[in-house]
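Shown next: query32.txt, given as compact mmCIF, C-alpha atoms.
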```txt
# COMPACT_ATOMS: atom_id res chain seq x y z
CA MET A 59 7.48 -32.13 49.59
CA GLY A 60 3.96 -32.59 50.99
CA LYS A 61 2.90 -31.04 54.28
CA HIS A 62 2.63 -34.35 56.17
CA THR A 63 5.90 -35.69 54.70
CA ARG A 64 7.63 -32.48 55.76
CA LEU A 65 6.12 -32.72 59.23
CA SER A 66 7.23 -36.35 59.47
CA LEU A 67 10.82 -35.28 58.73
CA ILE A 68 10.59 -32.51 61.31
CA VAL A 69 9.29 -34.93 63.93
CA LYS A 70 12.14 -37.34 63.25
CA ILE A 71 14.73 -34.55 63.52
CA SER A 72 13.16 -33.42 66.81
CA GLN A 73 13.30 -36.97 68.13
CA VAL A 74 17.00 -37.22 67.26
CA ILE A 75 17.69 -33.89 68.97
CA PHE A 76 15.81 -35.07 72.05
CA ILE A 77 17.74 -38.37 72.20
CA LEU A 78 21.04 -36.51 71.91
CA LEU A 79 19.97 -34.22 74.73
CA LEU A 80 18.90 -36.96 77.14
CA PRO A 81 22.21 -37.04 79.06
CA ALA A 82 21.99 -33.29 79.59
CA LEU A 83 18.35 -33.42 80.58
CA TYR A 84 18.85 -36.06 83.23
CA GLN A 85 22.39 -35.47 84.45
CA SER A 86 23.33 -31.84 83.93
CA GLY A 87 23.90 -29.50 86.82
CA CYS A 88 21.91 -29.09 89.95
CA THR A 89 18.31 -29.12 90.94
CA PRO A 90 17.02 -25.68 91.99
CA LYS A 91 18.93 -24.09 94.87
CA LYS A 92 15.64 -23.19 96.56
CA THR A 93 12.43 -25.18 96.67
CA ALA A 94 8.85 -24.26 97.32
CA THR A 95 5.75 -26.17 98.29
CA ILE A 96 2.65 -25.48 96.23
CA VAL A 97 -0.46 -26.78 97.93
CA PRO A 98 -2.84 -28.48 95.47
CA PRO A 99 -6.58 -27.77 95.46
CA PRO A 100 -8.40 -29.51 98.34
CA TYR A 101 -9.79 -32.47 96.40
CA PHE A 102 -7.29 -32.78 93.52
CA ALA A 103 -4.49 -34.73 95.18
CA ASP A 104 -2.26 -34.77 98.24
CA SER A 105 0.56 -33.11 96.34
CA ILE A 106 1.50 -31.76 92.94
CA PRO A 107 3.67 -34.28 91.11
CA TYR A 108 7.04 -33.26 89.69
CA PRO A 109 10.28 -35.08 88.82
CA ALA A 110 12.97 -35.24 91.51
CA ARG A 111 15.39 -33.37 89.25
CA ASN A 112 13.08 -30.36 88.99
CA PRO A 113 11.27 -29.40 92.19
CA PHE A 114 9.40 -26.12 92.39
CA SER A 115 11.13 -22.96 93.52
CA PRO A 116 9.64 -19.45 93.64
CA GLU A 117 12.48 -18.13 91.51
CA GLY A 118 12.18 -21.06 89.10
CA ILE A 119 8.49 -20.38 88.50
CA THR A 120 9.22 -16.67 88.00
CA LEU A 121 12.02 -17.47 85.56
CA GLY A 122 9.79 -19.92 83.70
CA LYS A 123 7.04 -17.33 83.39
CA GLN A 124 9.50 -14.76 82.05
CA LEU A 125 10.73 -17.24 79.46
CA PHE A 126 7.17 -18.25 78.53
CA PHE A 127 6.27 -14.68 77.57
CA ASP A 128 9.63 -13.78 76.01
CA PRO A 129 9.73 -13.63 72.18
CA ALA A 130 13.51 -14.03 72.38
CA LEU A 131 12.81 -17.79 72.35
CA SER A 132 11.99 -17.53 68.65
CA ALA A 133 14.28 -17.05 65.67
CA ASN A 134 12.58 -13.84 64.53
CA GLY A 135 12.22 -12.40 68.04
CA ARG A 136 8.45 -11.97 67.65
CA ILE A 137 6.97 -15.27 68.85
CA SER A 138 6.75 -16.44 72.45
CA CYS A 139 5.12 -19.49 73.99
CA ALA A 140 2.27 -17.16 74.91
CA THR A 141 1.68 -16.30 71.25
CA CYS A 142 -0.10 -19.64 70.86
CA HIS A 143 -0.93 -20.19 74.54
CA GLN A 144 -2.75 -17.03 75.55
CA PRO A 145 -3.78 -16.70 79.23
CA GLN A 146 -7.11 -15.03 78.39
CA ARG A 147 -8.03 -18.12 76.35
CA ALA A 148 -6.94 -20.54 79.09
CA PHE A 149 -3.59 -20.84 77.31
CA SER A 150 -5.01 -21.76 73.90
CA ASP A 151 -5.02 -19.53 70.79
CA GLY A 152 -8.58 -19.38 69.42
CA LEU A 153 -7.60 -20.72 66.00
CA PRO A 154 -8.64 -24.03 64.41
CA LEU A 155 -5.07 -24.58 63.20
CA SER A 156 -2.45 -22.01 64.11
CA ASN A 157 -0.46 -20.06 61.55
CA LEU A 158 1.16 -17.77 64.11
CA GLY A 159 4.57 -19.42 63.89
CA SER A 160 7.80 -18.31 62.24
CA SER A 161 6.91 -19.55 58.74
CA GLN A 162 3.22 -18.60 59.01
CA GLU A 163 2.45 -22.06 57.62
CA THR A 164 -0.70 -23.69 59.01
CA LEU A 165 0.06 -26.38 61.57
CA ALA A 166 -1.43 -29.87 61.37
CA ARG A 167 -3.17 -29.92 64.76
CA HIS A 168 -5.04 -27.55 67.03
CA THR A 169 -3.14 -25.80 69.83
CA PRO A 170 -4.10 -27.44 73.16
CA ALA A 171 -4.92 -25.47 76.29
CA LEU A 172 -2.46 -25.61 79.21
CA ILE A 173 -4.47 -26.49 82.31
CA ASN A 174 -3.48 -28.67 85.30
CA LEU A 175 -0.60 -30.17 83.32
CA ALA A 176 1.17 -31.49 86.41
CA TRP A 177 -1.22 -34.45 86.41
CA ASN A 178 -1.02 -35.23 82.70
CA LYS A 179 0.38 -38.62 81.76
CA GLY A 180 1.15 -37.67 78.18
CA LEU A 181 1.37 -34.41 76.28
CA PHE A 182 0.31 -33.41 72.75
CA TRP A 183 -2.76 -34.88 71.10
CA ASP A 184 -1.09 -38.26 70.68
CA GLY A 185 0.79 -38.43 73.99
CA GLY A 186 4.09 -38.29 72.15
CA VAL A 187 5.87 -36.47 74.98
CA LYS A 188 5.81 -37.84 78.51
CA ASN A 189 6.79 -34.86 80.66
CA LEU A 190 6.94 -31.08 80.68
CA GLU A 191 10.74 -31.04 80.78
CA SER A 192 10.71 -32.49 77.26
CA VAL A 193 7.86 -30.54 75.69
CA LEU A 194 9.91 -27.47 74.77
CA PHE A 195 12.03 -29.06 72.06
CA ALA A 196 9.38 -29.71 69.41
CA PRO A 197 7.95 -26.16 69.17
CA LEU A 198 11.31 -24.49 69.77
CA SER A 199 13.07 -26.12 66.83
CA HIS A 200 10.05 -26.60 64.53
CA PRO A 201 10.48 -24.33 61.47
CA ASP A 202 6.74 -23.61 61.44
CA GLU A 203 6.72 -22.60 65.11
CA MET A 204 9.60 -20.86 66.93
CA ALA A 205 12.33 -22.06 64.56
CA LEU A 206 15.22 -21.39 66.95
CA PRO A 207 18.19 -23.79 67.00
CA LEU A 208 19.15 -24.86 70.51
CA LYS A 209 22.65 -23.37 70.38
CA GLU A 210 21.24 -20.02 69.32
CA LEU A 211 18.76 -20.13 72.20
CA VAL A 212 21.56 -20.49 74.75
CA THR A 213 23.61 -17.75 73.08
CA LYS A 214 20.68 -15.32 73.06
CA LEU A 215 19.91 -15.92 76.72
CA LYS A 216 23.56 -15.66 77.77
CA ASN A 217 23.78 -12.27 76.05
CA ASP A 218 20.72 -10.99 77.90
CA PRO A 219 21.51 -8.59 80.78
CA THR A 220 19.37 -10.44 83.37
CA TYR A 221 19.01 -14.10 82.43
CA PRO A 222 22.54 -15.33 83.36
CA GLU A 223 22.17 -14.23 86.98
CA GLN A 224 18.61 -15.56 87.18
CA PHE A 225 19.71 -19.01 85.99
CA ARG A 226 22.58 -19.03 88.51
CA GLU A 227 20.15 -18.10 91.27
CA VAL A 228 17.68 -20.85 90.34
CA PHE A 229 19.97 -23.67 89.22
CA GLY A 230 23.38 -22.69 90.59
CA ASN A 231 24.89 -22.89 87.14
CA SER A 232 25.21 -21.14 83.79
CA ILE A 233 22.49 -21.26 81.16
CA GLN A 234 21.88 -24.63 79.52
CA VAL A 235 19.02 -25.86 77.37
CA ALA A 236 18.03 -28.35 80.07
CA TYR A 237 17.57 -25.52 82.56
CA VAL A 238 15.43 -23.54 80.13
CA ALA A 239 13.19 -26.59 79.81
CA ARG A 240 13.06 -27.07 83.58
CA ALA A 241 12.15 -23.45 84.29
CA LEU A 242 9.37 -23.52 81.71
CA ALA A 243 8.14 -26.81 83.16
CA GLN A 244 7.96 -25.31 86.66
CA TYR A 245 5.85 -22.43 85.40
CA GLN A 246 3.53 -24.67 83.40
CA ARG A 247 3.02 -27.00 86.39
CA SER A 248 1.90 -23.97 88.37
CA LEU A 249 -0.98 -23.30 85.93
CA ILE A 250 -3.66 -24.83 88.14
CA SER A 251 -7.34 -24.16 87.55
CA ALA A 252 -9.62 -25.19 90.41
CA ASN A 253 -11.82 -22.26 91.35
CA ALA A 254 -14.70 -22.40 88.90
CA LYS A 255 -18.29 -22.21 90.08
CA TYR A 256 -18.32 -26.03 90.03
CA ASP A 257 -15.47 -26.13 92.55
CA GLN A 258 -17.08 -23.54 94.77
CA VAL A 259 -20.30 -25.57 94.91
CA VAL A 260 -18.44 -28.82 95.61
CA LEU A 261 -16.47 -27.17 98.41
CA GLY A 262 -19.63 -25.63 99.88
CA LYS A 263 -18.77 -21.98 99.40
CA GLU A 264 -21.42 -19.89 101.08
CA GLY A 265 -23.94 -18.36 98.71
CA VAL A 266 -22.87 -20.37 95.66
CA GLU A 267 -25.33 -22.93 94.31
CA PHE A 268 -26.12 -24.51 90.97
CA LEU A 269 -29.08 -23.06 89.10
CA ALA A 270 -31.82 -25.52 88.19
CA LEU A 271 -30.61 -25.80 84.59
CA GLU A 272 -27.00 -26.28 85.70
CA LYS A 273 -28.08 -29.00 88.09
CA LYS A 274 -29.96 -30.77 85.31
CA GLY A 275 -26.87 -30.45 83.12
CA LEU A 276 -24.71 -31.99 85.84
CA ALA A 277 -27.02 -34.98 86.06
CA LEU A 278 -26.83 -35.46 82.28
CA PHE A 279 -23.06 -35.03 82.38
CA GLU A 280 -22.73 -37.73 85.03
CA GLU A 281 -24.91 -40.02 82.95
CA LYS A 282 -23.41 -39.48 79.52
CA CYS A 283 -19.98 -37.84 79.73
CA ILE A 284 -18.23 -38.71 82.95
CA SER A 285 -16.55 -41.92 81.78
CA CYS A 286 -14.07 -39.86 79.72
CA HIS A 287 -14.29 -36.59 81.65
CA PRO A 288 -14.32 -37.49 85.37
CA ALA A 289 -13.91 -34.80 88.04
CA PRO A 290 -11.81 -33.17 89.33
CA PHE A 291 -9.66 -32.91 86.19
CA PHE A 292 -12.56 -33.48 83.76
CA THR A 293 -10.34 -35.72 81.66
CA ASP A 294 -9.35 -39.35 82.06
CA HIS A 295 -5.93 -38.49 80.55
CA GLY A 296 -6.64 -41.28 78.07
CA PHE A 297 -6.99 -41.59 74.29
CA HIS A 298 -10.25 -42.28 72.48
CA ASN A 299 -11.72 -42.47 69.00
CA ILE A 300 -14.84 -40.34 69.30
CA GLY A 301 -16.23 -40.90 65.81
CA LEU A 302 -14.91 -37.81 64.08
CA ASP A 303 -14.08 -39.70 60.88
CA SER A 304 -14.66 -43.09 59.29
CA LEU A 305 -11.14 -43.36 57.86
CA TYR A 306 -7.77 -42.21 59.15
CA PRO A 307 -4.43 -41.84 57.32
CA THR A 308 -2.10 -44.81 57.52
CA GLU A 309 1.18 -43.41 56.14
CA ARG A 310 3.98 -43.24 58.68
CA GLU A 311 4.18 -40.31 61.09
CA ASN A 312 0.97 -38.58 59.98
CA PRO A 313 -0.17 -36.39 62.93
CA LEU A 314 -3.82 -37.09 62.14
CA GLN A 315 -3.39 -40.78 63.01
CA GLY A 316 -3.74 -39.97 66.69
CA ARG A 317 -2.21 -42.29 69.24
CA TYR A 318 -1.28 -44.79 66.51
CA ARG A 319 1.54 -42.48 65.40
CA ILE A 320 3.26 -43.24 68.70
CA THR A 321 2.31 -46.86 69.43
CA LEU A 322 1.98 -48.25 65.86
CA ASP A 323 -0.84 -50.35 67.30
CA SER A 324 -3.72 -50.49 64.81
CA ALA A 325 -6.18 -50.39 67.73
CA ASP A 326 -5.02 -46.81 68.39
CA LEU A 327 -5.74 -45.40 64.94
CA GLY A 328 -7.89 -42.29 65.28
CA LYS A 329 -7.58 -42.10 69.06
CA PHE A 330 -6.71 -38.67 70.45
CA LYS A 331 -6.05 -37.40 73.94
CA THR A 332 -9.10 -36.51 76.02
CA PRO A 333 -8.91 -32.74 76.63
CA THR A 334 -9.94 -31.30 79.96
CA LEU A 335 -13.34 -29.63 80.01
CA ARG A 336 -12.15 -27.05 82.52
CA ASN A 337 -12.45 -23.60 80.95
CA ILE A 338 -13.93 -25.26 77.88
CA THR A 339 -16.01 -22.15 77.13
CA LEU A 340 -12.75 -20.23 76.60
CA THR A 341 -10.87 -22.67 74.39
CA ALA A 342 -12.87 -22.78 71.14
CA PRO A 343 -12.56 -24.11 68.51
CA TYR A 344 -12.59 -27.78 69.46
CA MET A 345 -11.06 -31.19 68.63
CA HIS A 346 -7.54 -32.03 67.52
CA ASP A 347 -8.09 -30.26 64.21
CA GLY A 348 -10.29 -27.41 65.47
CA ARG A 349 -13.16 -28.50 63.24
CA PHE A 350 -15.97 -27.40 65.58
CA ALA A 351 -16.32 -23.67 66.15
CA THR A 352 -18.77 -23.89 69.06
CA LEU A 353 -19.79 -26.16 71.90
CA GLU A 354 -23.19 -26.46 70.26
CA GLU A 355 -21.48 -28.09 67.28
CA VAL A 356 -19.61 -30.43 69.62
CA LEU A 357 -22.85 -31.60 71.24
CA ASP A 358 -24.47 -32.03 67.83
CA HIS A 359 -21.57 -34.28 66.87
CA TYR A 360 -21.92 -36.51 69.94
CA SER A 361 -25.67 -36.66 69.57
CA GLU A 362 -26.26 -37.14 65.84
CA GLU A 363 -23.10 -36.98 63.73
CA MET A 364 -20.62 -39.58 65.03
CA LYS A 365 -19.08 -41.87 62.39
CA GLN A 366 -18.39 -45.57 62.63
CA SER A 367 -14.85 -46.94 62.31
CA LYS A 368 -12.94 -49.98 63.50
CA THR A 369 -11.50 -48.18 66.51
CA LEU A 370 -14.57 -46.21 67.60
CA ASP A 371 -14.79 -46.23 71.39
CA SER A 372 -17.41 -48.77 72.52
CA THR A 373 -18.76 -46.19 74.97
CA PHE A 374 -20.63 -44.65 72.05
CA LEU A 375 -22.39 -47.83 70.90
CA ASP A 376 -25.65 -48.90 72.49
CA LYS A 377 -26.86 -52.51 72.61
CA ASN A 378 -28.60 -52.04 69.26
CA GLY A 379 -25.43 -50.76 67.60
CA LYS A 380 -26.65 -47.15 67.41
CA ILE A 381 -23.85 -44.58 67.59
CA GLY A 382 -23.88 -41.49 69.83
CA ILE A 383 -25.16 -40.37 73.19
CA GLY A 384 -28.55 -39.09 72.04
CA LEU A 385 -29.42 -35.61 73.27
CA ASP A 386 -32.53 -33.57 72.59
CA GLU A 387 -32.37 -29.78 72.38
CA LYS A 388 -33.34 -29.19 76.00
CA GLU A 389 -30.70 -31.65 77.18
CA LYS A 390 -28.07 -29.89 75.07
CA GLU A 391 -29.09 -26.59 76.64
CA ALA A 392 -28.73 -28.06 80.13
CA LEU A 393 -25.33 -29.59 79.37
CA LEU A 394 -24.07 -26.30 78.01
CA SER A 395 -25.29 -24.56 81.15
CA PHE A 396 -23.30 -27.00 83.29
CA LEU A 397 -20.17 -26.67 81.15
CA HIS A 398 -20.20 -22.94 81.82
CA THR A 399 -19.79 -23.71 85.54
CA LEU A 400 -16.30 -25.06 84.72
CA THR A 401 -15.04 -21.61 83.71
CA ASP A 402 -12.45 -20.30 86.16
CA SER A 403 -12.19 -16.56 85.57
CA GLY A 404 -9.55 -16.23 88.26
CA PHE A 405 -7.31 -18.67 86.37
CA VAL A 406 -7.25 -16.62 83.17
CA ASN A 407 -6.77 -13.34 85.04
CA GLN A 408 -4.05 -14.60 87.37
CA TYR A 409 -1.32 -15.18 84.82
```
As a first step, turn the structure in this file into structure tokens.
Amino acid sequence: MGKHTRLSLIVKISQVIFILLLPALYQSGCTPKKTATIVPPPYFADSIPYPARNPFSPEGITLGKQLFFDPALSANGRISCATCHQPQRAFSDGLPLSNLGSSQETLARHTPALINLAWNKGLFWDGGVKNLESVLFAPLSHPDEMALPLKELVTKLKNDPTYPEQFREVFGNSIQVAYVARALAQYQRSLISANAKYDQVVLGKEGVEFLALEKKGLALFEEKCISCHPAPFFTDHGFHNIGLDSLYPTERENPLQGRYRITLDSADLGKFKTPTLRNITLTAPYMHDGRFATLEEVLDHYSEEMKQSKTLDSTFLDKNGKIGIGLDEKEKEALLSFLHTLTDSGFVNQY
């Protein structure tokens, strides 16, 4: 069985599991016994969005963090969520395509960073999952990732000396898969990055100013990049074909189809989710398949190497039909200087 055919079967099985779990996800048990208010960064939003069934609680975030770093969530007891989402890398893994999972098989797409997820409108590179409460099930049951059947997960956690009481404290009930998902979602929503040099300048922190090269890079960014990477999130949460390839696979369920795999709309072939540029210096390599090792390679792509296809985003076509955003070497240097101001060292050290 080919890799993509096998992945297609896995995706379908995961979708069936998710559908069967929907009643539990939306109806089971209680919301957290305690709630907490997390104040968002000053210019992000008035509040941090979350579903009514899963408000924040201090204990819920703590439980979610414990689960996130616990290798007990894998079949072999050696792989945690943090294996592929490492805090020091802004919750990415530094690999083009991960082989850190249970089978050590290479995955089909690059591991995304986990940054400001509370505001995301779709998760994974194709937006195939709509909320954080649902995101657990694909990696948990995937044989090339954590490979742990849901029933075994509950059994393992119930046999742990501390988890049963923690779940009762947070959710007022015994351990259920839905509560595991909710606790992890609370923790991941708390992963907020908003204290980079860029933020400090915007908020007028005393003694913090852009250098001349950074300021030039900001002007170029606002001219050439901001339509897909607007502040404060530095992503439009949308899906775009950015000219990585001329042709894209058309067989059903291929993960390299991009958004088309979900919508089956031919206009979405080759469109992938816009990643945030926050902490972009920490999350190499880049793109959905990790093809670019450095930011210099990324800028070379946008400037000189974009490929034409039927679904290429019109943003990258000028009135003469030329593809790309056209950067000389000094402009690339300035843009790179600005992108470094989006690194939030406190974010990677906090968790």
Subject >> Residue nearest Ala243 in chain A - candidates A:Arg317, A:Arg310, A:Lys380, A:Arg111, atoms counted: all atoms listed in the file >> reply: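 Comparing A:Arg317, A:Arg310, A:Lys380, A:Arg111 against Ala243 in chain A, the winner is A:Arg111.
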**OP:** For range 390-401 of chain A, please output as a PyMOL selection string all residues within 10 Å (counting only C-alpha atoms; exclusion window: fewer than 2 positions along the same chain).
**Re:** chain A and resi 148+251-259+268-279+283+292+335-340+353-354+357-358+361+384-388+403-406
**OP:** Within 12 Å of (5.1, -38.1, 80.2) (coordinates as in the file), grab all the protein and nucleic acid residues, counting all atoms listed in the file, and write them out as a ChimeraX atom specification.
**Re:** /A:107-109,175-182,184-193,295
**OP:** May I ask which of the residues A:Val97, A:Leu165, A:Ala196, A:Cys139 is the closest one to Gly122 in chain A, counting only C-alpha atoms?
**Re:**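 Of A:Val97, A:Leu165, A:Ala196, A:Cys139, the one nearest Gly122 in chain A, counting only C-alpha atoms, is A:Cys139.
Checking A:Met204, A:Leu194, A:Ala289, A:Leu305 one by one against Ser138 in chain A, counting only C-alpha atoms, you find the shortest gap at A:Met204.
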**OP:** Mind giving me the straight-line distance from CA of Glu227 in chain A to CA of Phe126 in chain A in Å, one decimal?
**Re:**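 Here the two named atoms are 18.2 Å from each other.
With distances restricted to only C-alpha atoms, A:Pro343 is the closest residue to Asp151 in chain A from A:Gly265, A:Pro288, A:Gly118, A:Pro343.
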**OP:** To one decimal in Å, tell me the separation between CA of Glu309 in chain A and CA of Phe330 in chain A.
**Re:** 17.0 Å
Original post:
So how far away is CA of Glu389 in chain A from CA of Gly262 in chain A, in Å?
Top reply: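 Computing the Euclidean distance for CA of Gly262 in chain A and CA of Glu389 in chain A yields 26.0 Å.
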Original post:
Using only C-alpha atoms, which residues sit within 6 Å of Arg167 in chain A once same-chain residues fewer than 2 positions away are excluded, as a list in words?
Top reply: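 The neighbour list is Leu155, Leu165, His346 and Asp347 of chain A.
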Original post:
Can you tell me, as a PyMOL selection string, what residues are no more than 10 Å from range 350-352 of chain A when counting all atoms listed in the file, ignoring any on the same chain fewer than 6 positions away?
Top reply: chain A and resi 152-154+339+341-344+358-359
Exercise on range 115-126 of chain A, axis-aligned box with 8 Å per side, report centre and edge lengths in Å to one decimal, as JSON:
```
{"center_x": 9.8, "center_y": -18.9, "center_z": 86.1, "size_x": 21.4, "size_y": 24.2, "size_z": 31.1}
```
Original post:
Near Leu375 in chain A, counting all atoms listed in the file, which residues have an atom at most 12 Å away, once you skip same-chain residues fewer than 5 positions from it, shown as a PyMOL selection string?
Top reply: chain A and resi 300-301+360-361+364-367+369-370+380-384
Generate a file of the selected residues that holds C-alpha atoms, formatted as a PDB file, keeping the file's coordinate frame.
```
ATOM      1  CA  ILE A 300     -14.840 -40.340  69.300  1.00  0.00           C
ATOM      2  CA  GLY A 301     -16.230 -40.900  65.810  1.00  0.00           C
ATOM      3  CA  TYR A 360     -21.920 -36.510  69.940  1.00  0.00           C
ATOM      4  CA  SER A 361     -25.670 -36.660  69.570  1.00  0.00           C
ATOM      5  CA  MET A 364     -20.620 -39.580  65.030  1.00  0.00           C
ATOM      6  CA  LYS A 365     -19.080 -41.870  62.390  1.00  0.00           C
ATOM      7  CA  GLN A 366     -18.390 -45.570  62.630  1.00  0.00           C
ATOM      8  CA  SER A 367     -14.850 -46.940  62.310  1.00  0.00           C
ATOM      9  CA  THR A 369     -11.500 -48.180  66.510  1.00  0.00           C
ATOM     10  CA  LEU A 370     -14.570 -46.210  67.600  1.00  0.00           C
ATOM     11  CA  LYS A 380     -26.650 -47.150  67.410  1.00  0.00           C
ATOM     12  CA  ILE A 381     -23.850 -44.580  67.590  1.00  0.00           C
ATOM     13  CA  GLY A 382     -23.880 -41.490  69.830  1.00  0.00           C
ATOM     14  CA  ILE A 383     -25.160 -40.370  73.190  1.00  0.00           C
ATOM     15  CA  GLY A 384     -28.550 -39.090  72.040  1.00  0.00           C
TER      16      GLY A 384
END
```
**OP:** Fewer than 5 positions away in the same chain doesn't count, so skip those; otherwise give me all residues within 8 Å of Ser150 in chain A, counting all atoms listed in the file, as a list in words.
**Re:** Cys142, His143, Gln144, Pro145, Thr169, Pro170, Ala171, Leu172 and Thr341 of chain A
Hey, could you patch up range 342-362 of chain A with N, CA and C atoms and hand it over as a short mmCIF file (atom, residue, chain, number, x, y, z; two decimals), keeping the file's coordinate frame?
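So the final result, stored in result07.cif, reads:
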```
data_model
loop_
_atom_site.label_atom_id
_atom_site.label_comp_id
_atom_site.auth_asym_id
_atom_site.auth_seq_id
_atom_site.Cartn_x
_atom_site.Cartn_y
_atom_site.Cartn_z
N ALA A 342 -12.43 -22.50 72.51
CA ALA A 342 -12.87 -22.78 71.14
C ALA A 342 -11.79 -22.34 70.14
N PRO A 343 -11.75 -22.98 68.98
CA PRO A 343 -12.56 -24.11 68.51
C PRO A 343 -12.08 -25.43 69.10
N TYR A 344 -12.76 -26.53 68.74
CA TYR A 344 -12.59 -27.78 69.46
C TYR A 344 -12.15 -28.93 68.56
N MET A 345 -11.61 -29.95 69.20
CA MET A 345 -11.06 -31.19 68.63
C MET A 345 -9.62 -30.97 68.17
N HIS A 346 -8.96 -32.08 67.86
CA HIS A 346 -7.54 -32.03 67.52
C HIS A 346 -7.26 -31.22 66.26
N ASP A 347 -8.28 -31.04 65.43
CA ASP A 347 -8.09 -30.26 64.21
C ASP A 347 -8.93 -28.99 64.21
N GLY A 348 -9.53 -28.65 65.36
CA GLY A 348 -10.29 -27.41 65.47
C GLY A 348 -11.50 -27.34 64.57
N ARG A 349 -12.09 -28.48 64.25
CA ARG A 349 -13.16 -28.50 63.24
C ARG A 349 -14.47 -27.91 63.74
N PHE A 350 -14.71 -27.90 65.05
CA PHE A 350 -15.97 -27.40 65.58
C PHE A 350 -15.76 -26.02 66.20
N ALA A 351 -16.50 -25.05 65.69
CA ALA A 351 -16.32 -23.67 66.15
C ALA A 351 -16.97 -23.41 67.50
N THR A 352 -18.01 -24.16 67.84
CA THR A 352 -18.77 -23.89 69.06
C THR A 352 -19.05 -25.17 69.83
N LEU A 353 -19.39 -25.01 71.09
CA LEU A 353 -19.79 -26.16 71.90
C LEU A 353 -21.10 -26.76 71.41
N GLU A 354 -21.95 -25.94 70.84
CA GLU A 354 -23.19 -26.46 70.26
C GLU A 354 -22.87 -27.47 69.16
N GLU A 355 -21.89 -27.17 68.33
CA GLU A 355 -21.48 -28.09 67.28
C GLU A 355 -20.90 -29.38 67.87
N VAL A 356 -20.17 -29.25 68.96
CA VAL A 356 -19.61 -30.43 69.62
C VAL A 356 -20.73 -31.35 70.10
N LEU A 357 -21.74 -30.79 70.74
CA LEU A 357 -22.85 -31.60 71.24
C LEU A 357 -23.65 -32.21 70.09
N ASP A 358 -23.80 -31.47 69.00
CA ASP A 358 -24.47 -32.03 67.83
C ASP A 358 -23.71 -33.25 67.31
N HIS A 359 -22.40 -33.15 67.32
CA HIS A 359 -21.57 -34.28 66.87
C HIS A 359 -21.84 -35.51 67.73
N TYR A 360 -21.74 -35.36 69.05
CA TYR A 360 -21.92 -36.51 69.94
C TYR A 360 -23.33 -37.07 69.87
N SER A 361 -24.28 -36.23 69.57
CA SER A 361 -25.67 -36.66 69.57
C SER A 361 -26.09 -37.30 68.26
N GLU A 362 -25.70 -36.70 67.13
CA GLU A 362 -26.26 -37.14 65.84
C GLU A 362 -25.25 -37.40 64.73
#
```
